[in-house]
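File shown here: model_21.txt, holding compact mmCIF, C-alpha atoms.
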```txt
# COMPACT_ATOMS: atom_id res chain seq x y z
CA MET D 1 0.00 0.00 0.00
CA ALA D 2 2.87 2.38 0.68
CA LYS D 3 4.13 1.94 -2.87
CA PHE D 4 0.62 2.53 -4.22
CA HIS D 5 0.40 5.70 -2.15
CA ILE D 6 3.61 7.02 -3.73
CA ILE D 7 2.35 6.21 -7.21
CA ALA D 8 -1.32 7.13 -6.99
CA GLY D 9 -1.67 9.33 -3.91
CA ALA D 10 -3.82 9.08 -0.81
CA HIS D 11 -7.01 7.97 -2.55
CA GLU D 12 -7.93 4.49 -3.64
CA THR D 13 -8.51 5.71 -7.19
CA PRO D 14 -6.20 8.24 -8.90
CA ASP D 15 -7.41 11.85 -8.97
CA ARG D 16 -8.39 13.50 -12.24
CA ILE D 17 -7.17 17.07 -12.06
CA ALA D 18 -8.43 19.77 -14.39
CA VAL D 19 -6.07 22.30 -15.96
CA ARG D 20 -6.71 25.81 -17.25
CA ARG D 21 -5.59 27.46 -20.45
CA ILE D 22 -3.16 30.34 -19.81
CA GLY D 23 -1.56 33.06 -21.89
CA VAL D 24 1.52 35.25 -22.12
CA GLU D 25 0.14 37.68 -19.52
CA ASP D 26 -0.01 34.81 -17.04
CA LEU D 27 3.69 34.11 -17.63
CA LYS D 28 4.53 37.76 -17.07
CA ASP D 29 2.50 37.84 -13.86
CA SER D 30 4.14 34.61 -12.64
CA LEU D 31 7.59 36.07 -13.21
CA ARG D 32 6.60 39.30 -11.50
CA ARG D 33 5.28 37.41 -8.47
CA GLY D 34 8.36 35.18 -8.48
CA PHE D 35 10.64 38.19 -8.32
CA GLN D 36 8.52 39.69 -5.54
CA ASP D 37 8.91 36.49 -3.52
CA PHE D 38 12.65 36.51 -4.09
CA TRP D 39 12.89 40.19 -3.14
CA ALA D 40 10.88 39.61 0.03
CA MET D 41 12.88 36.53 1.09
CA PRO D 42 16.44 36.78 -0.36
CA SER D 43 18.26 35.92 2.85
CA HIS D 44 16.12 32.83 3.26
CA LEU D 45 16.89 31.65 -0.27
CA ALA D 46 20.66 31.97 -0.18
CA PHE D 47 21.05 28.82 1.93
CA LEU D 48 19.40 26.69 -0.75
CA CYS D 49 20.29 28.52 -3.94
CA LEU D 50 24.00 28.88 -3.35
CA LEU D 51 24.20 25.09 -3.27
CA TYR D 52 23.24 24.99 -6.92
CA PRO D 53 26.20 27.04 -8.27
CA ILE D 54 28.56 25.29 -5.84
CA ILE D 55 27.51 21.94 -7.28
CA GLY D 56 28.01 23.34 -10.76
CA ILE D 57 31.51 24.56 -9.97
CA PHE D 58 32.33 21.17 -8.42
CA PHE D 59 31.28 19.32 -11.54
CA ALA D 60 33.18 21.75 -13.75
CA GLY D 61 36.33 21.18 -11.68
CA LEU D 62 35.77 17.44 -11.85
CA ALA D 63 35.58 17.61 -15.61
CA PHE D 64 38.77 19.65 -15.92
CA GLY D 65 40.71 17.61 -13.37
CA ASN D 66 39.86 14.21 -14.82
CA ASN D 67 40.00 14.92 -18.54
CA LEU D 68 36.24 14.65 -18.78
CA LEU D 69 35.98 17.77 -20.88
CA PRO D 70 33.50 16.18 -23.31
CA LEU D 71 31.02 15.96 -20.42
CA LEU D 72 31.42 19.56 -19.27
CA PHE D 73 28.65 20.93 -21.48
CA PRO D 74 26.30 17.96 -20.87
CA LEU D 75 26.82 18.40 -17.12
CA ALA D 76 26.04 22.11 -17.27
CA SER D 77 23.03 21.76 -19.56
CA GLY D 78 21.81 18.71 -17.65
CA PHE D 79 21.24 20.76 -14.50
CA ALA D 80 17.98 21.86 -16.11
CA LEU D 81 16.83 18.24 -15.87
CA VAL D 82 17.11 18.14 -12.07
CA GLY D 83 16.38 21.83 -11.42
CA PRO D 84 12.67 21.25 -10.64
CA LEU D 85 13.64 19.01 -7.72
CA ALA D 86 16.15 21.59 -6.43
CA ALA D 87 13.37 24.19 -6.36
CA VAL D 88 10.93 22.27 -4.14
CA GLY D 89 12.01 24.23 -1.06
CA LEU D 90 11.30 27.45 -2.94
CA TYR D 91 7.78 26.32 -3.73
CA GLU D 92 7.23 25.77 -0.01
CA LEU D 93 8.36 29.32 0.78
CA SER D 94 6.06 30.78 -1.89
CA ARG D 95 3.16 28.69 -0.62
CA ARG D 96 3.65 29.95 2.93
CA ARG D 97 4.03 33.57 1.83
CA GLU D 98 0.89 33.20 -0.29
CA ARG D 99 -0.98 32.22 2.87
CA GLY D 100 0.32 35.30 4.70
CA GLU D 101 2.49 33.26 7.06
CA THR D 102 5.80 34.41 8.49
CA VAL D 103 8.52 32.76 6.43
CA ARG D 104 11.93 31.60 7.67
CA TRP D 105 14.63 29.75 5.76
CA GLN D 106 14.06 26.75 8.04
CA ASP D 107 10.58 26.42 6.54
CA MET D 108 12.13 24.88 3.41
CA THR D 109 12.73 21.73 5.44
CA GLU D 110 8.98 21.39 6.02
CA VAL D 111 8.93 19.71 2.61
CA LEU D 112 10.35 16.65 4.39
CA ARG D 113 7.15 16.45 6.46
CA SER D 114 4.86 16.65 3.45
CA PRO D 115 2.43 13.73 3.00
CA SER D 116 3.72 13.59 -0.58
CA ILE D 117 7.40 13.32 0.34
CA GLY D 118 7.56 9.75 -0.98
CA SER D 119 6.11 10.81 -4.33
CA ILE D 120 8.40 13.86 -4.47
CA ALA D 121 11.41 11.63 -3.79
CA ALA D 122 10.29 9.09 -6.40
CA LEU D 123 9.92 11.77 -9.06
CA GLY D 124 13.29 13.21 -8.04
CA VAL D 125 14.92 9.80 -8.48
CA LEU D 126 13.34 9.52 -11.92
CA LEU D 127 14.80 12.88 -12.95
CA ALA D 128 18.22 11.85 -11.60
CA VAL D 129 18.09 8.65 -13.65
CA ILE D 130 17.19 10.63 -16.76
CA PHE D 131 20.09 13.00 -16.02
CA LEU D 132 22.55 10.09 -15.75
CA PHE D 133 21.13 8.55 -18.93
CA TRP D 134 21.70 11.88 -20.72
CA LEU D 135 25.36 11.85 -19.61
CA VAL D 136 25.78 8.27 -20.88
CA ILE D 137 24.28 9.20 -24.26
CA ALA D 138 26.45 12.33 -24.49
CA GLN D 139 29.62 10.34 -23.72
CA ALA D 140 28.69 7.63 -26.22
CA LEU D 141 28.06 10.25 -28.92
CA TYR D 142 31.44 11.85 -28.34
CA GLN D 143 33.25 8.51 -28.42
CA SER D 144 31.46 7.46 -31.59
CA LEU D 145 32.85 10.56 -33.34
CA PHE D 146 36.28 11.01 -31.73
CA GLY D 147 37.13 7.62 -30.28
CA TRP D 148 38.15 6.78 -26.74
CA HIS D 149 41.05 9.19 -26.39
CA ALA D 150 40.64 12.06 -23.92
CA PRO D 151 41.32 15.68 -24.98
CA GLN D 152 44.77 16.84 -23.90
CA SER D 153 43.66 20.37 -23.00
CA MET D 154 40.71 22.73 -23.17
CA SER D 155 42.16 24.59 -26.18
CA LEU D 156 42.69 21.38 -28.14
CA PHE D 157 39.23 20.16 -27.18
CA LEU D 158 37.62 23.40 -28.42
CA GLN D 159 39.67 23.28 -31.59
CA GLU D 160 38.61 19.68 -32.17
CA VAL D 161 34.94 20.49 -31.65
CA LEU D 162 34.72 23.84 -33.44
CA THR D 163 36.93 23.30 -36.48
CA THR D 164 36.20 19.75 -37.60
CA ARG D 165 33.28 18.06 -39.34
CA ASN D 166 32.93 15.58 -36.49
CA GLY D 167 32.92 18.47 -34.05
CA TRP D 168 30.00 20.17 -35.75
CA THR D 169 28.19 16.84 -35.96
CA LEU D 170 28.69 16.53 -32.20
CA ILE D 171 27.31 20.05 -31.64
CA VAL D 172 24.22 19.52 -33.81
CA LEU D 173 23.34 16.01 -32.65
CA GLY D 174 24.20 16.76 -29.04
CA ASN D 175 21.91 19.77 -28.97
CA LEU D 176 19.09 17.91 -30.69
CA ILE D 177 19.31 14.99 -28.29
CA GLY D 178 19.66 17.32 -25.31
CA ALA D 179 16.63 19.28 -26.47
CA ALA D 180 14.60 16.06 -26.64
CA PHE D 181 15.59 15.19 -23.06
CA SER D 182 14.76 18.72 -21.91
CA VAL D 183 11.32 18.77 -23.57
CA ALA D 184 10.41 15.40 -22.07
CA VAL D 185 11.51 16.38 -18.56
CA PHE D 186 9.88 19.80 -18.85
CA ALA D 187 6.53 18.26 -19.81
CA MET D 188 6.77 15.73 -16.97
CA SER D 189 7.77 18.11 -14.21
CA VAL D 190 6.83 21.72 -14.98
CA ILE D 191 3.96 21.65 -12.50
CA ALA D 192 4.38 18.14 -11.04
CA PHE D 193 6.49 19.12 -8.03
CA PRO D 194 4.32 22.12 -7.01
CA LEU D 195 1.26 19.91 -7.40
CA LEU D 196 2.73 17.20 -5.16
CA LEU D 197 3.63 19.80 -2.54
CA ASP D 198 0.10 21.17 -2.66
CA ARG D 199 -1.83 17.90 -2.89
CA ASP D 200 -1.13 14.27 -2.05
CA VAL D 201 -2.02 12.93 -5.51
CA GLY D 202 0.89 10.58 -6.22
CA ALA D 203 3.75 10.73 -8.70
CA VAL D 204 1.87 9.28 -11.67
CA VAL D 205 -1.05 11.69 -11.35
CA ALA D 206 1.37 14.62 -10.95
CA ILE D 207 3.24 13.65 -14.13
CA GLN D 208 0.01 13.10 -16.05
CA THR D 209 -1.36 16.46 -14.95
CA SER D 210 1.88 18.22 -15.88
CA VAL D 211 1.84 16.67 -19.36
CA LYS D 212 -1.86 17.55 -19.71
CA ALA D 213 -1.10 21.16 -18.79
CA VAL D 214 1.61 21.35 -21.47
CA LEU D 215 -0.67 19.80 -24.11
CA ALA D 216 -3.47 22.22 -23.19
CA ASN D 217 -1.10 25.21 -23.49
CA PRO D 218 1.54 24.21 -26.07
CA GLY D 219 2.51 27.70 -27.21
CA THR D 220 2.49 29.29 -23.77
CA MET D 221 4.38 26.42 -22.17
CA ALA D 222 6.91 26.40 -25.02
CA LEU D 223 7.52 30.08 -24.36
CA TRP D 224 7.90 29.36 -20.65
CA GLY D 225 10.44 26.65 -21.46
CA LEU D 226 12.42 29.12 -23.59
CA ILE D 227 12.31 31.68 -20.78
CA VAL D 228 13.63 29.10 -18.32
CA ALA D 229 16.35 27.95 -20.72
CA GLY D 230 17.44 31.52 -21.50
CA ALA D 231 17.50 32.46 -17.82
CA LEU D 232 19.59 29.40 -16.97
CA VAL D 233 22.09 30.26 -19.71
CA ILE D 234 22.44 33.74 -18.20
CA GLY D 235 22.73 32.14 -14.76
CA PHE D 236 25.67 30.02 -15.87
CA ILE D 237 27.66 33.23 -16.44
CA PRO D 238 30.03 33.54 -14.74
CA LEU D 239 30.84 30.10 -13.30
CA PHE D 240 27.22 29.31 -12.41
CA ILE D 241 27.11 32.14 -9.83
CA GLY D 242 24.19 33.84 -11.57
CA LEU D 243 22.07 30.80 -10.71
CA ALA D 244 21.94 32.09 -7.14
CA ILE D 245 19.48 34.70 -8.45
CA VAL D 246 18.00 32.98 -11.49
CA LEU D 247 17.06 29.75 -9.72
CA PRO D 248 15.01 31.28 -6.88
CA VAL D 249 13.17 33.68 -9.19
CA LEU D 250 12.27 30.84 -11.56
CA GLY D 251 11.39 28.56 -8.65
CA HIS D 252 9.00 31.05 -7.09
CA ALA D 253 7.57 31.94 -10.50
CA THR D 254 6.90 28.26 -11.22
CA TRP D 255 4.80 28.03 -8.06
CA HIS D 256 2.66 30.94 -9.25
CA LEU D 257 2.47 29.41 -12.73
CA TYR D 258 1.15 26.22 -11.13
CA ARG D 259 -1.51 28.24 -9.32
CA LYS D 260 -2.66 29.69 -12.64
CA VAL D 261 -2.75 26.33 -14.45
CA VAL D 262 -4.37 24.11 -11.78
CA PRO D 263 -7.65 25.30 -10.20
CA SER D 264 -7.68 25.36 -6.39
```
Can the structure from this file be put into structure tokens for me?
Amino acid sequence: MAKFHIIAGAHETPDRIAVRRIGVEDLKDSLRRGFQDFWAMPSHLAFLCLLYPIIGIFFAGLAFGNNLLPLLFPLASGFALVGPLAAVGLYELSRRRERGETVRWQDMTEVLRSPSIGSIAALGVLLAVIFLFWLVIAQALYQSLFGWHAPQSMSLFLQEVLTTRNGWTLIVLGNLIGAAFSVAVFAMSVIAFPLLLDRDVGAVVAIQTSVKAVLANPGTMALWGLIVAGALVIGFIPLFIGLAIVLPVLGHATWHLYRKVVPS
């Protein structure tokens, strides 16, 4: 029964959750509200959000130190695949502020007491598996084009990638495959984590509802995905430090987007 609870939620039969159609103005309002949440609670967010760039810097150093340069870009771009999980604490802060409650940084840990924590963890594990699968595919693609030898230096690696036919093949195919991973994860999780935090519906229902929301709003959600991607690119400069601002704003905005898409 515990496993069923994680999959289908607290009810004996899975919930059917309606979704609304939204427009560009809703995205603008979500971003505005997300920035307001960040502005009202910046000191509370630093504890969580600084972990994200630190992890990024760690992986970048790992790639340089172990001649894993071919995985540097997949590692950086792959953070978008696990970003929704990293933002769960931010959703909790926005939810509490929305209710008019006093918010402290410790309130992020209240997620661990959520009735849906098993479902949240299960969905997080799924995203982590997808992230690792993306790294395996990226490594296999590089080796299929350049063999098993490791680049001798960053300059030689960039020269190899940017000035050869195989390099441009790697860029084009890598971006296409990465985009496919990103679209799939985006559709699965864009509102799934906020929904699980708000209601004990189970991982499967949360994923289904998230996909349904994307299918009901293809243009608007595509624009939201581009906004998220563009903001993350800006956040990666320099050395992932910008994510300390970008991640909380997007996290809070996603909570408000969820509120617009799923009726209370």
Give me the residues near range 247-253 of chain D as a ChimeraX atom specification, where near means some atom within 10 Å (using all atoms listed in the file) and where sequence neighbours in that chain fewer than 5 positions away do not count. /D:27-39,41-42,45-46,48-50,52-53,83-95,194,227-228,231-232,235,242,258-259
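Reported to one decimal place, the separation of CA of Val190 in chain D from CA of Gly100 in chain D is 24.8 Å.
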- So which one's closest to Ala216 in chain D, D:Ala40, D:Val183, D:Val262, D:Leu141? Using all atoms listed in the file, please.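 Nearest candidate to Ala216 in chain D out of D:Ala40, D:Val183, D:Val262, D:Leu141: D:Val262.
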One decimal, in Å: what's the spacing between CA of Phe79 in chain D and CA of His149 in chain D?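 For CA of Phe79 in chain D relative to CA of His149 in chain D, the distance reads 25.8 Å.
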Note to self: Can you tell me which residues surround Leu145 in chain D at a distance of at most 12 Å, considering all atoms listed in the file, apart from same-chain residues fewer than 6 positions away, and format the answer as number ranges by chain?
What the structure shows: D: 70, 138-139, 160-161, 164-171, 173-174
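Distances from D:Ile117, D:Val24, D:Ala213, D:Ala76 to Asp200 in chain D were compared using all atoms listed in the file, and the smallest one belongs to D:Ile117.
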What separates CA of Ala206 in chain D and CA of Arg20 in chain D is a distance of 15.2 Å
Hey, could you pull the box centre and edge lengths for range 105-123 of chain D, axis-aligned, 6 Å padding per side, all listed atoms, to one decimal in Å, as JSON?
```
{"center_x": 8.5, "center_y": 19.4, "center_z": -0.5, "size_x": 24.2, "size_y": 32.7, "size_z": 29.1}
```
| Ref. answer, residues at most 12 Å from (-0.4, 17.5, -2.3) with all atoms listed in the file, as JSON, numbers by chain | {"D": [5, 6, 8, 9, 10, 11, 15, 17, 92, 95, 111, 113, 114, 115, 116, 117, 118, 119, 120, 191, 192, 193, 194, 195, 196, 197, 198, 199, 200, 201, 202, 203, 205, 206, 264]}
| task | Give the answer as one residue: which of D:Leu75, D:Val136, D:Val82, D:Leu257 has the shortest atom-to-atom distance to Trp224 in chain D, using all atoms listed in the file? | result |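 Ranked by minimum distance to Trp224 in chain D, first place goes to D:Leu257.
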- Query: Hey, which of D:Thr254, D:Ser182, D:Thr220, D:Ser189 ends up closest to Gln208 in chain D? Count all atoms listed in the file.
  - Reply: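 Checking each candidate against Gln208 in chain D, we get D:Ser189 as the closest.
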Considering all atoms listed in the file, can you say which of D:Ala179, D:Gln143, D:Gln152, D:Ala121 comes closest to Ala229 in chain D?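 Nearest candidate to Ala229 in chain D out of D:Ala179, D:Gln143, D:Gln152, D:Ala121: D:Ala179.
Comparing D:Val204, D:Ile137, D:Leu71, D:Leu127 by their smallest distance to Ala184 in chain D, the closest is D:Leu127 (using all atoms listed in the file).
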